[in-house]
$ cat protein_12.txt   # compact mmCIF, C-alpha atoms and all ligand atoms
# COMPACT_ATOMS: atom_id res chain seq x y z
CA MET A 4 -48.39 -11.85 30.25
CA ALA A 5 -48.22 -15.56 31.07
CA GLY A 6 -44.44 -15.26 30.76
CA ILE A 7 -44.34 -12.49 33.35
CA THR A 8 -46.65 -14.39 35.69
CA ASN A 9 -44.61 -17.55 35.42
CA PHE A 10 -41.37 -15.63 35.88
CA MET A 11 -42.78 -14.07 39.02
CA GLN A 12 -43.71 -17.49 40.31
CA GLY A 13 -40.08 -18.44 39.73
CA ARG A 14 -40.72 -21.48 37.58
CA SER A 15 -42.37 -21.95 34.23
CA LYS A 16 -45.13 -24.48 33.67
CA ARG A 17 -43.88 -27.59 31.89
CA ILE A 18 -45.97 -28.97 29.06
CA LEU A 19 -45.38 -32.42 27.61
CA VAL A 20 -45.30 -32.16 23.81
CA PRO A 21 -45.37 -35.59 22.12
CA GLY A 22 -44.50 -35.05 18.45
CA GLY A 23 -42.87 -31.73 19.34
CA ALA A 24 -40.03 -32.18 16.82
CA GLY A 25 -42.50 -32.34 13.92
CA TYR A 26 -43.94 -29.61 11.73
CA ILE A 27 -46.77 -28.21 13.86
CA GLY A 28 -45.21 -29.33 17.15
CA SER A 29 -41.97 -27.40 16.58
CA HIS A 30 -43.88 -24.17 15.84
CA THR A 31 -46.01 -24.69 18.93
CA CYS A 32 -42.91 -25.23 21.08
CA VAL A 33 -41.62 -21.82 19.92
CA GLU A 34 -44.90 -20.16 20.93
CA LEU A 35 -44.93 -22.01 24.26
CA ILE A 36 -41.44 -20.72 25.05
CA ASN A 37 -42.40 -17.21 23.90
CA ARG A 38 -45.26 -17.29 26.45
CA GLY A 39 -43.06 -18.48 29.30
CA TYR A 40 -43.83 -22.22 29.25
CA THR A 41 -41.24 -25.00 29.04
CA PRO A 42 -42.08 -27.66 26.43
CA VAL A 43 -40.86 -31.17 27.24
CA ILE A 44 -40.54 -32.82 23.84
CA VAL A 45 -41.12 -36.54 23.36
CA ASP A 46 -40.60 -37.86 19.84
CA ASN A 47 -39.51 -41.10 18.20
CA PHE A 48 -38.36 -39.14 15.10
CA VAL A 49 -40.25 -41.40 12.72
CA ASN A 50 -41.14 -38.31 10.68
CA SER A 51 -38.88 -35.56 12.01
CA SER A 52 -35.33 -34.52 12.72
CA ILE A 53 -33.61 -33.70 15.99
CA ALA A 54 -32.26 -30.68 14.11
CA SER A 55 -35.66 -29.01 14.53
CA VAL A 56 -35.11 -28.94 18.30
CA ASP A 57 -31.82 -27.15 17.81
CA ARG A 58 -33.64 -24.60 15.63
CA ILE A 59 -36.32 -24.10 18.33
CA ARG A 60 -33.49 -23.26 20.73
CA GLN A 61 -31.94 -20.94 18.15
CA ILE A 62 -35.19 -19.01 17.53
CA THR A 63 -36.11 -18.62 21.19
CA GLY A 64 -32.73 -18.50 22.88
CA ALA A 65 -33.97 -21.20 25.28
CA ASN A 66 -31.26 -23.69 26.10
CA ASP A 67 -33.34 -25.70 28.53
CA VAL A 68 -35.70 -27.53 26.13
CA PRO A 69 -35.75 -31.15 27.32
CA VAL A 70 -36.08 -33.71 24.54
CA ILE A 71 -36.68 -37.40 25.11
CA GLU A 72 -36.46 -39.95 22.32
CA ALA A 73 -39.37 -42.29 23.00
CA ASP A 74 -42.50 -43.79 21.51
CA ILE A 75 -45.80 -42.72 23.08
CA ARG A 76 -46.84 -46.39 23.06
CA ASP A 77 -44.30 -46.94 25.86
CA THR A 78 -46.72 -46.14 28.70
CA ALA A 79 -44.20 -46.64 31.51
CA GLU A 80 -41.77 -44.21 29.87
CA MET A 81 -44.56 -41.65 29.42
CA VAL A 82 -45.46 -41.93 33.13
CA ARG A 83 -41.79 -41.53 34.04
CA VAL A 84 -41.36 -38.41 31.89
CA LEU A 85 -44.61 -36.80 33.08
CA ARG A 86 -43.58 -37.35 36.71
CA GLU A 87 -39.93 -36.43 36.37
CA HIS A 88 -40.71 -33.13 34.62
CA GLU A 89 -43.88 -32.48 36.66
CA CYS A 90 -45.82 -31.68 33.50
CA GLU A 91 -49.09 -29.82 34.05
CA ALA A 92 -50.59 -30.58 30.64
CA VAL A 93 -50.01 -32.39 27.36
CA ILE A 94 -50.22 -31.01 23.81
CA HIS A 95 -50.38 -34.20 21.76
CA PHE A 96 -49.12 -34.07 18.16
CA ALA A 97 -47.56 -37.54 17.89
CA GLY A 98 -48.97 -39.65 15.09
CA LEU A 99 -48.82 -40.59 11.44
CA LYS A 100 -50.67 -38.35 8.99
CA ALA A 101 -50.44 -39.51 5.36
CA VAL A 102 -53.90 -40.36 4.05
CA GLY A 103 -52.72 -42.61 1.18
CA GLU A 104 -50.27 -44.49 3.39
CA SER A 105 -53.05 -45.07 5.94
CA THR A 106 -55.06 -46.90 3.31
CA ALA A 107 -52.09 -49.16 2.48
CA GLN A 108 -50.97 -49.69 6.10
CA PRO A 109 -54.04 -49.23 8.30
CA LEU A 110 -52.68 -51.19 11.26
CA ASP A 111 -49.66 -48.89 11.53
CA TYR A 112 -52.09 -45.98 11.75
CA TYR A 113 -54.34 -47.59 14.37
CA SER A 114 -51.26 -48.58 16.36
CA ASN A 115 -49.49 -45.20 16.27
CA ASN A 116 -52.52 -42.95 16.45
CA VAL A 117 -55.11 -44.86 18.49
CA GLN A 118 -52.99 -47.21 20.60
CA GLY A 119 -50.46 -44.39 21.03
CA SER A 120 -53.11 -41.96 22.30
CA LEU A 121 -54.57 -44.62 24.59
CA SER A 122 -51.13 -45.23 26.07
CA LEU A 123 -50.57 -41.51 26.59
CA LEU A 124 -53.95 -41.08 28.31
CA GLU A 125 -53.26 -44.06 30.54
CA ALA A 126 -49.92 -42.48 31.47
CA MET A 127 -51.63 -39.15 32.21
CA LYS A 128 -54.07 -40.92 34.55
CA GLN A 129 -51.24 -42.68 36.36
CA ALA A 130 -49.17 -39.50 36.65
CA GLY A 131 -52.15 -37.31 37.59
CA THR A 132 -51.79 -34.96 34.59
CA GLY A 133 -55.15 -33.30 34.06
CA HIS A 134 -55.19 -31.49 30.69
CA ILE A 135 -54.73 -32.55 27.07
CA VAL A 136 -54.87 -30.65 23.78
CA PHE A 137 -55.32 -33.05 20.87
CA SER A 138 -54.47 -32.59 17.15
CA SER A 139 -57.56 -33.69 15.28
CA SER A 140 -58.37 -32.87 11.69
CA ALA A 141 -61.12 -31.55 9.44
CA THR A 142 -60.86 -34.93 7.75
CA VAL A 143 -63.19 -36.30 10.49
CA TYR A 144 -66.12 -34.59 8.74
CA GLY A 145 -65.92 -36.51 5.46
CA THR A 146 -68.14 -35.58 2.53
CA PRO A 147 -69.76 -32.20 3.28
CA VAL A 148 -73.47 -32.26 4.04
CA SER A 149 -73.30 -28.47 4.40
CA LEU A 150 -70.55 -25.86 4.19
CA PRO A 151 -68.80 -24.29 5.94
CA TYR A 152 -68.22 -27.19 8.32
CA THR A 153 -69.37 -26.37 11.85
CA GLU A 154 -68.35 -28.55 14.80
CA SER A 155 -71.83 -30.12 14.77
CA HIS A 156 -71.47 -31.35 11.17
CA PRO A 157 -71.86 -35.18 11.06
CA LEU A 158 -68.59 -37.10 11.42
CA ALA A 159 -67.94 -39.65 8.67
CA PRO A 160 -64.24 -39.98 7.81
CA THR A 161 -63.53 -41.64 4.48
CA ASN A 162 -60.05 -43.12 5.11
CA PRO A 163 -58.20 -44.99 7.89
CA TYR A 164 -56.22 -41.89 8.94
CA GLY A 165 -59.45 -39.97 9.47
CA MET A 166 -60.94 -42.94 11.33
CA THR A 167 -58.02 -42.90 13.78
CA LYS A 168 -58.64 -39.22 14.54
CA TYR A 169 -62.35 -39.92 15.00
CA ALA A 170 -61.55 -42.86 17.28
CA VAL A 171 -59.31 -40.73 19.50
CA GLU A 172 -61.99 -38.03 19.68
CA LEU A 173 -64.49 -40.67 20.89
CA MET A 174 -61.98 -41.98 23.42
CA LEU A 175 -61.33 -38.47 24.77
CA ASN A 176 -65.04 -37.68 25.03
CA ASP A 177 -65.70 -40.91 26.96
CA LEU A 178 -62.75 -40.27 29.25
CA VAL A 179 -63.93 -36.71 29.99
CA ALA A 180 -67.46 -37.99 30.68
CA SER A 181 -66.08 -40.51 33.18
CA ARG A 182 -64.81 -37.63 35.35
CA ALA A 183 -61.34 -39.11 35.54
CA GLY A 184 -59.85 -35.69 36.31
CA ILE A 185 -58.81 -34.95 32.74
CA ASN A 186 -60.20 -32.19 30.52
CA ALA A 187 -59.55 -32.12 26.78
CA GLY A 188 -59.38 -29.59 23.97
CA ILE A 189 -59.94 -31.24 20.59
CA LEU A 190 -58.63 -29.08 17.76
CA ARG A 191 -59.76 -29.85 14.22
CA TYR A 192 -57.14 -28.35 11.94
CA PHE A 193 -57.93 -27.43 8.35
CA ASN A 194 -54.89 -27.16 6.00
CA PRO A 195 -51.79 -25.95 7.88
CA ILE A 196 -49.08 -24.45 5.65
CA GLY A 197 -46.29 -21.86 5.91
CA ALA A 198 -43.42 -21.71 8.34
CA HIS A 199 -41.91 -19.61 11.12
CA PRO A 200 -41.00 -16.18 9.68
CA SER A 201 -37.35 -16.77 10.65
CA GLY A 202 -37.22 -19.49 7.97
CA LEU A 203 -35.46 -21.74 10.50
CA ILE A 204 -38.24 -24.29 11.03
CA GLY A 205 -40.81 -25.63 8.58
CA GLU A 206 -42.31 -28.74 7.06
CA ASP A 207 -39.72 -31.25 5.85
CA PRO A 208 -41.57 -34.16 4.25
CA ASN A 209 -39.83 -37.46 3.53
CA GLY A 210 -39.71 -38.29 -0.18
CA VAL A 211 -42.29 -36.90 -2.58
CA PRO A 212 -44.62 -34.50 -0.75
CA ASN A 213 -48.27 -35.60 -0.57
CA ASN A 214 -49.57 -32.12 0.12
CA LEU A 215 -49.90 -29.12 -2.13
CA MET A 216 -47.78 -26.46 -0.42
CA PRO A 217 -44.55 -28.44 0.13
CA PHE A 218 -44.83 -29.70 -3.45
CA VAL A 219 -45.23 -26.16 -4.83
CA ALA A 220 -42.28 -24.98 -2.72
CA GLN A 221 -40.07 -27.81 -4.02
CA VAL A 222 -40.98 -26.92 -7.60
CA ALA A 223 -40.06 -23.27 -6.91
CA VAL A 224 -36.68 -24.24 -5.51
CA GLY A 225 -35.93 -26.54 -8.45
CA ARG A 226 -36.23 -29.93 -6.72
CA ARG A 227 -39.20 -30.95 -8.91
CA PRO A 228 -39.91 -29.98 -12.53
CA HIS A 229 -43.60 -29.12 -12.28
CA LEU A 230 -46.76 -29.36 -10.19
CA ASN A 231 -49.47 -31.83 -11.09
CA VAL A 232 -52.81 -30.14 -10.44
CA PHE A 233 -55.26 -32.88 -9.51
CA GLY A 234 -58.37 -31.93 -11.46
CA ASN A 235 -59.59 -28.70 -13.07
CA ASP A 236 -63.18 -29.76 -13.62
CA TYR A 237 -64.55 -29.37 -10.08
CA ASP A 238 -67.56 -27.19 -9.46
CA THR A 239 -65.40 -24.40 -8.03
CA PRO A 240 -64.67 -20.88 -9.38
CA ASP A 241 -61.60 -22.00 -11.40
CA GLY A 242 -62.27 -25.76 -11.47
CA THR A 243 -59.48 -26.69 -9.02
CA GLY A 244 -59.90 -27.92 -5.42
CA VAL A 245 -60.65 -25.38 -2.70
CA ARG A 246 -59.31 -25.61 0.88
CA ASP A 247 -59.06 -23.51 4.02
CA TYR A 248 -55.31 -22.90 4.44
CA ILE A 249 -54.07 -21.77 7.85
CA HIS A 250 -50.64 -20.34 8.71
CA VAL A 251 -48.81 -22.71 11.05
CA VAL A 252 -47.95 -19.82 13.39
CA ASP A 253 -51.65 -18.92 13.74
CA LEU A 254 -52.25 -22.60 14.44
CA ALA A 255 -49.48 -22.68 17.06
CA GLU A 256 -51.02 -19.65 18.78
CA ALA A 257 -54.39 -21.43 18.89
CA HIS A 258 -52.73 -24.20 20.93
CA ILE A 259 -51.67 -21.68 23.57
CA ALA A 260 -55.23 -20.32 23.71
CA ALA A 261 -56.60 -23.88 24.04
CA LEU A 262 -54.06 -24.79 26.72
CA GLU A 263 -54.83 -21.70 28.77
CA LYS A 264 -58.57 -22.37 28.48
CA LEU A 265 -58.07 -25.90 29.83
CA LEU A 266 -55.84 -24.66 32.66
CA ALA A 267 -58.41 -22.02 33.62
CA SER A 268 -61.67 -23.97 33.44
CA PRO A 269 -62.73 -27.60 33.91
CA ASP A 270 -64.72 -27.73 30.68
CA SER A 271 -63.66 -29.65 27.59
CA PHE A 272 -64.24 -28.49 24.03
CA THR A 273 -63.93 -29.24 20.32
CA VAL A 274 -63.13 -26.44 17.88
CA ASN A 275 -62.37 -25.94 14.21
CA LEU A 276 -59.09 -24.18 13.48
CA GLY A 277 -59.34 -22.52 10.09
CA SER A 278 -59.70 -19.07 8.60
CA GLY A 279 -63.18 -19.49 7.13
CA ILE A 280 -61.78 -18.61 3.69
CA GLY A 281 -61.39 -21.05 0.80
CA HIS A 282 -58.52 -20.81 -1.71
CA SER A 283 -58.16 -22.84 -4.90
CA VAL A 284 -55.03 -24.68 -6.02
CA LEU A 285 -54.48 -21.95 -8.63
CA ASP A 286 -54.85 -19.22 -5.98
CA VAL A 287 -52.06 -20.90 -4.00
CA VAL A 288 -49.82 -21.25 -7.06
CA LYS A 289 -50.31 -17.60 -8.01
CA ALA A 290 -49.62 -16.36 -4.47
CA PHE A 291 -46.50 -18.54 -4.27
CA GLU A 292 -45.20 -17.25 -7.60
CA GLN A 293 -45.58 -13.70 -6.29
CA ALA A 294 -43.92 -14.46 -2.95
CA SER A 295 -40.98 -16.33 -4.46
CA GLY A 296 -40.51 -14.52 -7.75
CA ARG A 297 -40.27 -17.99 -9.36
CA ASP A 298 -42.46 -19.60 -12.01
CA ILE A 299 -44.36 -22.72 -10.98
CA PRO A 300 -44.87 -24.81 -14.12
CA LEU A 301 -47.99 -26.94 -13.84
CA GLU A 302 -49.88 -29.68 -15.61
CA PHE A 303 -53.55 -30.50 -15.18
CA VAL A 304 -54.01 -34.20 -14.49
CA ASP A 305 -56.87 -36.42 -13.33
CA ARG A 306 -58.54 -35.84 -10.00
CA ARG A 307 -56.81 -37.56 -7.06
CA PRO A 308 -59.00 -40.43 -5.83
CA GLY A 309 -60.75 -39.59 -2.58
CA ASP A 310 -60.30 -35.79 -2.89
CA LEU A 311 -63.22 -33.55 -2.00
CA PRO A 312 -63.97 -30.62 -4.35
CA ALA A 313 -64.10 -27.90 -1.71
CA TYR A 314 -64.35 -27.33 2.03
CA TRP A 315 -63.63 -24.66 4.58
CA ALA A 316 -64.23 -23.99 8.26
CA ASP A 317 -66.75 -22.06 10.23
CA PRO A 318 -64.25 -20.64 12.77
CA THR A 319 -66.86 -18.84 14.93
CA HIS A 320 -66.73 -21.26 17.85
CA ALA A 321 -62.94 -20.90 18.26
CA MET A 322 -63.32 -17.12 18.26
CA GLU A 323 -66.11 -17.16 20.84
CA LEU A 324 -64.60 -19.79 23.12
CA LEU A 325 -60.87 -19.11 22.87
CA GLY A 326 -60.78 -15.51 21.65
CA TRP A 327 -58.62 -16.77 18.79
CA GLN A 328 -58.82 -16.17 15.07
CA THR A 329 -56.37 -16.29 12.20
CA ARG A 330 -54.47 -13.08 11.47
CA LEU A 331 -52.07 -14.18 8.72
CA THR A 332 -53.00 -14.27 5.02
CA LEU A 333 -52.23 -16.59 2.11
CA GLU A 334 -49.51 -14.09 1.11
CA ASP A 335 -47.93 -14.42 4.57
CA MET A 336 -48.11 -18.23 4.32
CA CYS A 337 -46.35 -18.22 0.93
CA ARG A 338 -43.70 -15.69 1.99
CA ASP A 339 -42.77 -17.69 5.09
CA GLN A 340 -42.90 -21.04 3.29
CA TRP A 341 -40.48 -19.58 0.74
CA ALA A 342 -38.15 -18.29 3.48
CA TRP A 343 -38.00 -21.84 4.88
CA GLN A 344 -37.71 -23.61 1.51
CA SER A 345 -35.13 -21.26 -0.02
CA GLY A 346 -33.03 -21.24 3.15
CA ASN A 347 -33.24 -25.03 3.53
CA PRO A 348 -33.67 -26.41 -0.01
CA ASN A 349 -33.16 -29.98 1.18
CA GLY A 350 -34.89 -29.60 4.53
CA TYR A 351 -33.11 -30.11 7.84
CA PRO A 352 -29.47 -31.17 7.82
CA ASP A 353 -28.76 -34.74 8.89
CA VAL A 354 -27.98 -34.63 12.58
CA LYS A 355 -27.39 -37.66 14.74
CA ILE A 356 -29.78 -38.08 17.67
CA GLY A 357 -28.11 -36.68 20.76
CA ALA A 358 -26.01 -34.19 18.82
CA ALA A 359 -28.53 -31.32 18.83
P1 LIG B 401 -45.38 -34.42 11.72
O1 LIG B 401 -45.25 -35.77 11.14
O2 LIG B 401 -44.45 -33.36 11.24
O3 LIG B 401 -45.29 -34.49 13.30
C1 LIG B 401 -45.68 -35.62 14.04
C2 LIG B 401 -44.54 -35.96 14.98
O4 LIG B 401 -44.91 -37.09 15.79
C3 LIG B 401 -43.26 -36.33 14.26
O5 LIG B 401 -42.18 -35.62 14.84
C4 LIG B 401 -43.12 -37.84 14.48
O6 LIG B 401 -41.78 -38.24 14.50
C5 LIG B 401 -43.81 -37.99 15.83
N1 LIG B 401 -44.38 -39.33 16.08
C6 LIG B 401 -45.17 -40.06 15.26
N2 LIG B 401 -45.53 -41.21 15.86
C7 LIG B 401 -44.95 -41.19 17.10
C8 LIG B 401 -44.95 -42.10 18.19
N3 LIG B 401 -45.63 -43.25 18.14
N4 LIG B 401 -44.26 -41.77 19.31
C9 LIG B 401 -43.58 -40.59 19.37
N5 LIG B 401 -43.54 -39.71 18.37
C10 LIG B 401 -44.23 -40.00 17.24
O7 LIG B 401 -46.90 -33.96 11.48
P2 LIG B 401 -47.59 -32.55 11.73
O8 LIG B 401 -48.04 -32.03 10.42
O9 LIG B 401 -46.78 -31.71 12.63
O10 LIG B 401 -48.91 -33.04 12.49
C11 LIG B 401 -48.99 -33.07 13.89
C12 LIG B 401 -50.34 -33.66 14.28
O11 LIG B 401 -51.38 -32.88 13.70
C13 LIG B 401 -50.54 -35.09 13.78
O12 LIG B 401 -51.22 -35.82 14.79
C14 LIG B 401 -51.42 -34.91 12.56
O13 LIG B 401 -52.24 -36.04 12.34
C15 LIG B 401 -52.26 -33.71 12.96
N6 LIG B 401 -52.78 -32.96 11.82
C16 LIG B 401 -51.90 -32.51 10.85
C17 LIG B 401 -52.39 -31.83 9.73
C18 LIG B 401 -51.47 -31.38 8.63
O14 LIG B 401 -51.97 -31.12 7.53
N7 LIG B 401 -50.18 -31.24 8.86
C19 LIG B 401 -53.77 -31.57 9.63
C20 LIG B 401 -54.62 -32.03 10.63
C21 LIG B 401 -54.12 -32.72 11.73
C1 LIG B 402 -54.92 -29.59 -1.25
C2 LIG B 402 -55.46 -29.40 -2.67
C3 LIG B 402 -55.47 -31.40 -4.00
C4 LIG B 402 -51.10 -31.90 -4.18
C5 LIG B 402 -54.77 -33.44 3.49
C6 LIG B 402 -55.40 -34.50 4.34
C7 LIG B 402 -56.08 -33.88 5.51
C8 LIG B 402 -55.14 -32.96 6.28
C9 LIG B 402 -54.45 -31.99 5.38
C10 LIG B 402 -54.14 -34.13 8.11
C11 LIG B 402 -56.38 -30.51 -3.14
C12 LIG B 402 -54.51 -30.39 -4.58
C13 LIG B 402 -52.38 -31.43 -3.90
C14 LIG B 402 -50.62 -31.84 -5.51
C15 LIG B 402 -52.70 -30.85 -6.20
N1 LIG B 402 -54.10 -33.66 6.94
N2 LIG B 402 -53.17 -30.91 -4.90
N3 LIG B 402 -51.44 -31.32 -6.48
O1 LIG B 402 -55.99 -33.27 0.60
O2 LIG B 402 -56.95 -31.08 1.49
O3 LIG B 402 -55.78 -32.58 3.01
O4 LIG B 402 -53.86 -32.67 4.28
O5 LIG B 402 -55.07 -34.21 8.86
O6 LIG B 402 -56.52 -34.92 6.31
O7 LIG B 402 -56.35 -35.20 3.55
O8 LIG B 402 -54.48 -31.36 1.31
O9 LIG B 402 -52.45 -30.32 0.41
O10 LIG B 402 -52.96 -32.73 -0.19
O11 LIG B 402 -54.36 -30.91 -1.16
O12 LIG B 402 -53.39 -30.38 -7.10
O13 LIG B 402 -49.49 -32.28 -5.82
O14 LIG B 402 -54.33 -29.41 -3.58
O15 LIG B 402 -56.14 -32.09 -5.01
O16 LIG B 402 -57.37 -29.92 -3.94
P1 LIG B 402 -55.90 -32.12 1.51
P2 LIG B 402 -53.46 -31.36 0.10
$ encode --input "protein_12.txt" --output "structure tokens"
Amino acid sequence: MAGITNFMQGRSKRILVPGGAGYIGSHTCVELINRGYTPVIVDNFVNSSIASVDRIRQITGANDVPVIEADIRDTAEMVRVLREHECEAVIHFAGLKAVGESTAQPLDYYSNNVQGSLSLLEAMKQAGTGHIVFSSSATVYGTPVSLPYTESHPLAPTNPYGMTKYAVELMLNDLVASRAGINAGILRYFNPIGAHPSGLIGEDPNGVPNNLMPFVAQVAVGRRPHLNVFGNDYDTPDGTGVRDYIHVVDLAEAHIAALEKLLASPDSFTVNLGSGIGHSVLDVVKAFEQASGRDIPLEFVDRRPGDLPAYWADPTHAMELLGWQTRLTLEDMCRDQWAWQSGNPNGYPDVKIGAA
């Protein structure tokens, strides 16, 4: 519908997408294009490949996807891009996201995630851009006081990465309260996994994956011998950790709902993006074995320091406010992850910047 409206107006709305070449950003760019928007990608490619932009064009048939290689900490460049492309809103994915690395290199995380977001907001003020959707994380909640997590659960992140997300949430809330002409949608993602059903875009971690799903997929494709399961003595149905996994395409669709809410009403909001369903590590392994037809050898090892036993979302607020809920299952997530992993066993091909 938005596509038809925009077509009839003769020009599609441009949305700045910092971090748009990354995992969640690339899937959201596809959905933006499908709905008639033009994403303007800004990325410094610290954790992504320009090849993903080529794949976005391939999936959607859109040849006019602008991509600018830049760091969001370059405020003047952000102002220039926002003005030149007349962006109406920002969907902000750019940042670093590895919890362990954030403990070893906290200043890199505060610089990229907090200073970077500050720079982007300053640029939005200067350019007069009035809407921002921000990628936050369930990690802002910390140790559960009650489950499922609702948006009013106390915020007490337990690592520097989580602190940076919390800090940006505080910054956004203060900015909104100052009536600076910016409204914000803060999205707290649970555990995004899966890939576009085409198998053309997906998560392509550098080195050894930190997260469960890319690790499982690399075992299935033969890149790693077995999965280490971090703990089987938790107080959960099978003893392994429980999480709320969400298909990345469902997540991408939630960004469109959030964007359209911000464009339509002056209010700001914070919502959980999850399914409300918890799955254990062994549930994921079993579902992936079925989807791929491959065995996933595993070994039970000690718990990973800092891991929580179990958590999942209360997704009611997102449903009521945005009319959005997940529609894809764990089986869908595993099938699409396998399409990506088996079609691209070593991730994206090496492509020189400027060649895509
Ligand atoms: P990703 O690493 O694939 O994407 C992030 C993108 O931002 C990358 O393309 C990277 O090159 C770019 N980037 C990083 N710093 C930048 C900078 N200073 N300037 C310009 N570009 C920069 O990660 P993702 O999984 O797609 O996550 C996107 C966002 O969602 C991140 O902010 C992350 O913290 C958040 N998030 C992710 C998860 C998850 O499990 N994947 C969960 C909750 C929240
Ligand atoms: C899931 C489960 C592990 C790997 C992290 C961040 C969080 C968010 C999402 C950004 C746990 C177990 C994992 C492995 C395993 N990111 N596991 N073997 O830890 O819930 O969340 O990513 O915001 O902030 O903390 O996700 O995929 O790492 O782990 O047994 O090799 O799988 O112990 O129970 P996590 P995960």
$ residues_around --input "protein_12.txt" --residues "region 50-56 of chain A" --least-positions-apart "4" --cutoff "9 Å" --atoms "only C-alpha atoms" --output "PyMOL selection string"
chain A and resi 22-26+29+44+46+60-61+68+70+99+203-205+207-209+351-359
$ atom_distance --input "protein_12.txt" --atom1 "CA of Gly28 (chain A)" --atom2 "CA of Ser105 (chain A)"
20.9 Å
$ axis_aligned_box --input "protein_12.txt" --around "ligand LIG 402 (chain B)" --padding-each-side "3 Å" --output "AutoDock Vina command-line options"
--center_x -53.4 --center_y -32.3 --center_z 0.9 --size_x 13.9 --size_y 11.8 --size_z 22.0
$ closest_residue --input "protein_12.txt" --among "A:Val252, A:Ser140, A:Gly350, A:Leu325" --to "Gly210 (chain A)" --atoms "all atoms listed in the file"
A:Gly350
$ atom_distance --input "protein_12.txt" --atom1 "CA of Val93 (chain A)" --atom2 "CA of Ile135 (chain A)"
4.7 Å
$ atom_distance --input "protein_12.txt" --atom1 "CA of Ile36 (chain A)" --atom2 "CA of Ala65 (chain A)"
7.5 Å
$ closest_atom_pairs --input "protein_12.txt" --of "chain A" --to "ligand LIG 402 (chain B)" --cutoff "7 Å" --atoms "all atoms listed in the file" --output "Markdown table"
| residue | atom | partner | partner_atom | distance |
| --- | --- | --- | --- | --- |
| A:Lys100 | CA | B:LIG402 | C10 | 5.5 |
| A:Val102 | CA | B:LIG402 | O7 | 5.7 |
| A:Ser139 | CA | B:LIG402 | O5 | 6.9 |
| A:Ser140 | CA | B:LIG402 | O5 | 4.5 |
| A:Ala141 | CA | B:LIG402 | O6 | 6.5 |
| A:Thr142 | CA | B:LIG402 | O6 | 4.6 |
| A:Gly165 | CA | B:LIG402 | O6 | 6.6 |
| A:Tyr192 | CA | B:LIG402 | O5 | 6.9 |
| A:Phe193 | CA | B:LIG402 | C9 | 6.5 |
| A:Asn194 | CA | B:LIG402 | C9 | 4.9 |
| A:Asn213 | CA | B:LIG402 | O10 | 5.5 |
| A:Asn214 | CA | B:LIG402 | O9 | 3.4 |
| A:Leu215 | CA | B:LIG402 | C4 | 3.7 |
| A:Met216 | CA | B:LIG402 | O9 | 6.1 |
| A:Phe218 | CA | B:LIG402 | O13 | 5.8 |
| A:Leu230 | CA | B:LIG402 | O13 | 5.9 |
| A:Asn231 | CA | B:LIG402 | N3 | 5.0 |
| A:Val232 | CA | B:LIG402 | O12 | 3.4 |
| A:Phe233 | CA | B:LIG402 | O12 | 3.9 |
| A:Gly234 | CA | B:LIG402 | O12 | 6.8 |
| A:Thr243 | CA | B:LIG402 | O16 | 6.4 |
| A:Gly244 | CA | B:LIG402 | O16 | 3.5 |
| A:Val245 | CA | B:LIG402 | O16 | 5.7 |
| A:Arg246 | CA | B:LIG402 | O2 | 6.0 |
| A:Val284 | CA | B:LIG402 | O14 | 5.4 |
| A:Arg306 | CA | B:LIG402 | O15 | 6.7 |
| A:Arg307 | CA | B:LIG402 | O15 | 5.9 |
| A:Asp310 | CA | B:LIG402 | O15 | 6.0 |
| A:Pro312 | CA | B:LIG402 | O16 | 6.6 |
$ residues_near_point --input "protein_12.txt" --point "(-43.7, -39.6, 30.8)" --cutoff "10 Å" --atoms "all atoms listed in the file" --output "ChimeraX atom specification"
/A:19,21,43,45,71,73,75,77-90,123,126-127,129-130
$ residues_around --input "protein_12.txt" --residues "Gly309 (chain A)" --least-positions-apart "6" --cutoff "10 Å" --atoms "all atoms listed in the file" --output "PDB file with C-alpha atoms, keeping the file's coordinate frame"
ATOM      1  CA  VAL A 102     -53.900 -40.360   4.050  1.00  0.00           C
ATOM      2  CA  GLY A 103     -52.720 -42.610   1.180  1.00  0.00           C
ATOM      3  CA  THR A 146     -68.140 -35.580   2.530  1.00  0.00           C
ATOM      4  CA  THR A 161     -63.530 -41.640   4.480  1.00  0.00           C
ATOM      5  CA  ASN A 162     -60.050 -43.120   5.110  1.00  0.00           C
TER       6      ASN A 162
END
$ closest_residue --input "protein_12.txt" --among "A:Leu285, A:Ile249, A:Ala257, A:Val224" --to "Trp341 (chain A)" --atoms "only C-alpha atoms"
A:Val224
$ closest_residue --input "protein_12.txt" --among "A:Asp335, A:Asp74, A:Glu104, A:Asp305" --to "ligand LIG 401 (chain B)" --atoms "only C-alpha atoms and all ligand atoms"
A:Asp74
$ closest_residue --input "protein_12.txt" --among "A:Ser345, A:Thr273, A:Ser122, A:Ser295" --to "ligand LIG 401 (chain B)" --atoms "all atoms listed in the file"
A:Ser122
$ closest_residue --input "protein_12.txt" --among "A:Ala321, A:Ala180, A:Ala159, A:Ile299" --to "Pro269 (chain A)" --atoms "only C-alpha atoms"
A:Ala180
$ residues_near_point --input "protein_12.txt" --point "(-57.0, -28.2, 14.6)" --cutoff "12 Å" --atoms "only C-alpha atoms" --output "VMD selection string"
chain A and resid 27 94 to 96 136 to 143 154 168 188 to 195 247 to 251 253 to 258 261 272 to 278 316 318 321
$ closest_residue --input "protein_12.txt" --among "A:Ala267, A:Leu158, A:Leu178, A:Val171" --to "Lys128 (chain A)" --atoms "all atoms listed in the file"
A:Leu178
$ residues_around --input "protein_12.txt" --residues "Arg338 (chain A)" --least-positions-apart "4" --cutoff "7 Å" --atoms "only C-alpha atoms" --output "PyMOL selection string"
chain A and resi 294+334+342
